[in-house]
Amino acid sequence: MKVLITGAAGFIGSTLVATLRNDYDVRAIDNFSVGHVRRIGDITVEEMDVTQLEHVEEMVCGRDVVVHLAGYTGIPACENDPEGAARNILVGTKYITEASVRAGVKQLLFSSSFAVYGDAPTHVSECSPVAPIGMYGNLRAASEYVLLAARHLDGLNTLIFRQTNVYGKGVTTKRTVVNLLSEQVLKREAITVYGTGEQVRNFVHVLDTVRAYKLAIERGSGGLYNLGSAETLSVNDIVRTVNDASYHLLGYQVPVEHKPDRGAGKREIASTELVLDVRKVQRELGWTAEHTVRGTVEQMLAAPATAGAR
Ligand SMILES: NC(=O)c1ccc[n+]([C@@H]2O[C@H](COP(=O)([O-])OP(=O)(O)OC[C@H]3O[C@@H](n4cnc5c(N)ncnc54)[C@H](O)[C@@H]3O)[C@@H](O)[C@H]2O)c1
């Protein structure tokens, strides 16, 4: 089976290429605006851009499965450059989706975000209202509608994962709150918490994330799934976890400083008591998260040389 992975030089993409490359004929593309992984095993990541229609037609041609991960990630990038973000996320997804229809692709998988729930109530299932707050969540939600339209109008088999905060180490790592706090502890720096630290997030390890994509491809699945773990933690919870693991493994803890809220998190999810319902992906794909934040933090503290952020 021939699989295209966009955003393949990035955090999730490079790890997905590494996971699929032995079982599938993988083509990997990225514009290297953020990701820098040029080669994964015997796979070379080709320099192509999902906002260039001619590139998109070429990359999708002959593929059975398309995994579309390319695009701006994160709140600040989308808030600071809304026009660029709209082109990058929404136009890019439209090009990929329409080219997939024209090329007769059998399955299109898309990395959406739990930020589409933005203002939703505490308990969030796939049936909860889509209520994004900031540009990032709005563009992810709009992109979902592009896929859903192709599903209904053109019969394209689409699968959407609404991912929570992806952390941990795959082929590369990312500057997530879990990684950043672990690095600060390793450097014996004081940890900075913005605002009260009571804002909560759900976490899913990158290796669990790519396993969900692999399962979905193996099964040829379509549909819409929350992709997260049972671990919904506040920033204060993570600080306690990191300091506690440090105390047991390294024999010290670091001080915690509080600074005024920078506001970015409020543009993602409003609720401070998020409970993410992941029963659908467990039931239908047989997927469940295997990694824990505590276990990952302990690995990072025990093996700092291999756990640094890019
Ligand atoms: N990491 C998370 O916590 C998380 C959570 C929810 C959703 N997502 C989504 O999952 C996807 C992958 O996330 P990630 O963490 O690996 O991000 P990432 O930034 O590490 O990877 C995205 C890759 O896309 C590439 N890219 C950007 N614009 C492009 C374009 N126009 N053409 C081709 N390549 C382009 C970048 O260079 C980068 O390598 C993103 O779409 C992201 O929004 C991520």
# chains A, B, ... in the order shown; residues from 1 in each chain; ligands from 1
$ residues_near_ligand --ligand "ligand 1" --cutoff "7 Å" --atoms "only C-alpha atoms and all ligand atoms" --output "ChimeraX atom specification"
/A:6-13,29-36,48-51,69-74,88,92,111-114,162-167,174
$ write_last_selection --atoms "N, CA and C atoms" --output "short mmCIF file (atom, residue, chain, number, x, y, z; two decimals), in the first residue's frame"
data_model
loop_
_atom_site.label_atom_id
_atom_site.label_comp_id
_atom_site.auth_asym_id
_atom_site.auth_seq_id
_atom_site.Cartn_x
_atom_site.Cartn_y
_atom_site.Cartn_z
N THR A 6 2.27 14.05 4.88
CA THR A 6 2.68 15.45 4.81
C THR A 6 3.09 15.91 6.21
N GLY A 7 3.99 16.89 6.27
CA GLY A 7 4.50 17.31 7.59
C GLY A 7 5.46 16.27 8.15
N ALA A 8 6.13 15.54 7.26
CA ALA A 8 6.94 14.37 7.66
C ALA A 8 8.25 14.74 8.32
N ALA A 9 8.65 16.01 8.25
CA ALA A 9 9.88 16.41 8.96
C ALA A 9 9.59 16.85 10.38
N GLY A 10 8.30 16.88 10.75
CA GLY A 10 7.91 17.39 12.06
C GLY A 10 7.88 16.31 13.13
N PHE A 11 7.37 16.69 14.27
CA PHE A 11 7.36 15.85 15.48
C PHE A 11 6.58 14.56 15.25
N ILE A 12 5.31 14.68 14.92
CA ILE A 12 4.47 13.49 14.75
C ILE A 12 4.80 12.82 13.41
N GLY A 13 4.97 13.63 12.36
CA GLY A 13 5.19 13.08 11.02
C GLY A 13 6.42 12.21 10.92
N ILE A 29 6.73 14.16 2.69
CA ILE A 29 6.98 15.52 2.19
C ILE A 29 6.87 16.53 3.34
N ASP A 30 7.57 17.64 3.17
CA ASP A 30 7.53 18.73 4.15
C ASP A 30 8.13 19.96 3.47
N ASN A 31 7.73 21.15 3.91
CA ASN A 31 8.38 22.35 3.35
C ASN A 31 9.51 22.85 4.23
N PHE A 32 9.78 22.14 5.32
CA PHE A 32 10.89 22.43 6.24
C PHE A 32 10.79 23.83 6.87
N SER A 33 9.58 24.36 6.96
CA SER A 33 9.42 25.66 7.63
C SER A 33 9.60 25.50 9.13
N VAL A 34 9.24 24.35 9.67
CA VAL A 34 9.39 24.09 11.11
C VAL A 34 10.25 22.83 11.32
N GLY A 35 9.83 21.73 10.74
CA GLY A 35 10.54 20.46 10.92
C GLY A 35 11.85 20.45 10.14
N HIS A 36 12.81 19.67 10.66
CA HIS A 36 14.14 19.65 10.02
C HIS A 36 14.63 18.24 9.75
N MET A 48 8.38 19.81 -0.45
CA MET A 48 7.17 20.18 -1.18
C MET A 48 6.25 20.94 -0.23
N ASP A 49 5.31 21.69 -0.81
CA ASP A 49 4.48 22.58 0.00
C ASP A 49 3.00 22.29 -0.28
N VAL A 50 2.24 22.11 0.79
CA VAL A 50 0.81 21.77 0.59
C VAL A 50 -0.03 22.97 0.18
N THR A 51 0.55 24.16 0.17
CA THR A 51 -0.20 25.32 -0.32
C THR A 51 0.09 25.59 -1.80
N LEU A 69 -0.58 15.90 7.91
CA LEU A 69 -0.14 16.45 9.20
C LEU A 69 0.48 17.84 9.04
N ALA A 70 0.75 18.25 7.80
CA ALA A 70 1.45 19.52 7.58
C ALA A 70 0.58 20.70 7.98
N GLY A 71 1.21 21.72 8.51
CA GLY A 71 0.48 22.95 8.80
C GLY A 71 1.02 23.66 10.02
N TYR A 72 0.64 24.93 10.16
CA TYR A 72 1.03 25.68 11.35
C TYR A 72 0.50 24.93 12.57
N THR A 73 1.33 24.85 13.60
CA THR A 73 0.85 24.28 14.85
C THR A 73 0.95 25.34 15.94
N GLY A 74 0.04 25.30 16.84
CA GLY A 74 0.15 26.17 18.01
C GLY A 74 -0.59 27.47 17.88
N ASN A 88 -2.14 28.28 5.14
CA ASN A 88 -1.36 27.09 5.45
C ASN A 88 -2.25 25.93 5.89
N GLY A 92 -4.36 24.62 2.46
CA GLY A 92 -3.57 23.39 2.29
C GLY A 92 -4.44 22.14 2.41
N SER A 111 -5.02 15.37 11.05
CA SER A 111 -4.72 15.66 12.46
C SER A 111 -5.42 16.93 12.89
N SER A 112 -6.61 16.79 13.45
CA SER A 112 -7.28 17.95 14.02
C SER A 112 -6.88 18.08 15.49
N SER A 113 -7.58 18.92 16.21
CA SER A 113 -7.16 19.22 17.59
C SER A 113 -8.36 19.32 18.51
N PHE A 114 -8.12 19.04 19.80
CA PHE A 114 -9.18 19.22 20.78
C PHE A 114 -9.52 20.70 20.94
N ARG A 162 -9.03 14.14 16.63
CA ARG A 162 -8.94 15.37 17.42
C ARG A 162 -7.95 15.11 18.55
N GLN A 163 -6.69 15.44 18.27
CA GLN A 163 -5.60 15.10 19.19
C GLN A 163 -5.53 16.10 20.33
N THR A 164 -5.12 15.59 21.49
CA THR A 164 -4.86 16.49 22.62
C THR A 164 -3.39 16.92 22.55
N ASN A 165 -2.77 17.21 23.67
CA ASN A 165 -1.37 17.68 23.65
C ASN A 165 -0.43 16.49 23.49
N VAL A 166 0.28 16.47 22.39
CA VAL A 166 1.17 15.36 22.10
C VAL A 166 2.54 15.67 22.71
N TYR A 167 3.07 14.73 23.48
CA TYR A 167 4.34 14.96 24.17
C TYR A 167 5.24 13.74 23.99
N LYS A 174 9.55 17.83 20.90
CA LYS A 174 8.95 19.15 20.69
C LYS A 174 8.95 19.90 22.02
#
$ residues_around --residues "Phe161 in chain A" --least-positions-apart "4" --cutoff "7 Å" --atoms "only C-alpha atoms" --output "PyMOL selection string"
chain A and resi 110-112+224-227
$ write_last_selection --atoms "C-alpha atoms" --output "PDB file, in the first residue's frame"
ATOM      1  CA  PHE A 110      -6.227  14.390   9.197  1.00  0.00           C
ATOM      2  CA  SER A 111      -4.721  15.660  12.460  1.00  0.00           C
ATOM      3  CA  SER A 112      -7.282  17.955  14.020  1.00  0.00           C
ATOM      4  CA  LEU A 224     -14.128  11.221  13.797  1.00  0.00           C
ATOM      5  CA  TYR A 225     -12.252  10.369  16.993  1.00  0.00           C
ATOM      6  CA  ASN A 226     -10.961  12.113  20.085  1.00  0.00           C
ATOM      7  CA  LEU A 227      -7.370  10.991  20.534  1.00  0.00           C
TER       8      LEU A 227
END
$ residues_around --residues "Glu79 in chain A" --least-positions-apart "2" --cutoff "10 Å" --atoms "only C-alpha atoms" --output "list of chain:residue names"
A:Gly74, A:Ile75, A:Pro76, A:Ala77, A:Asp81, A:Pro82, A:Glu83, A:Gly84, A:Ala85, A:Gly134, A:Met135, A:Tyr136, A:Ala264, A:Arg267
$ closest_residue --among "A:Ile217, A:Val239, A:Val178, A:Leu139" --to "Lys106 in chain A" --atoms "only C-alpha atoms"
A:Ile217
$ closest_residue --among "A:Glu273, A:Glu46, A:Glu218, A:Glu257" --to "Leu20 in chain A" --atoms "only C-alpha atoms"
A:Glu218
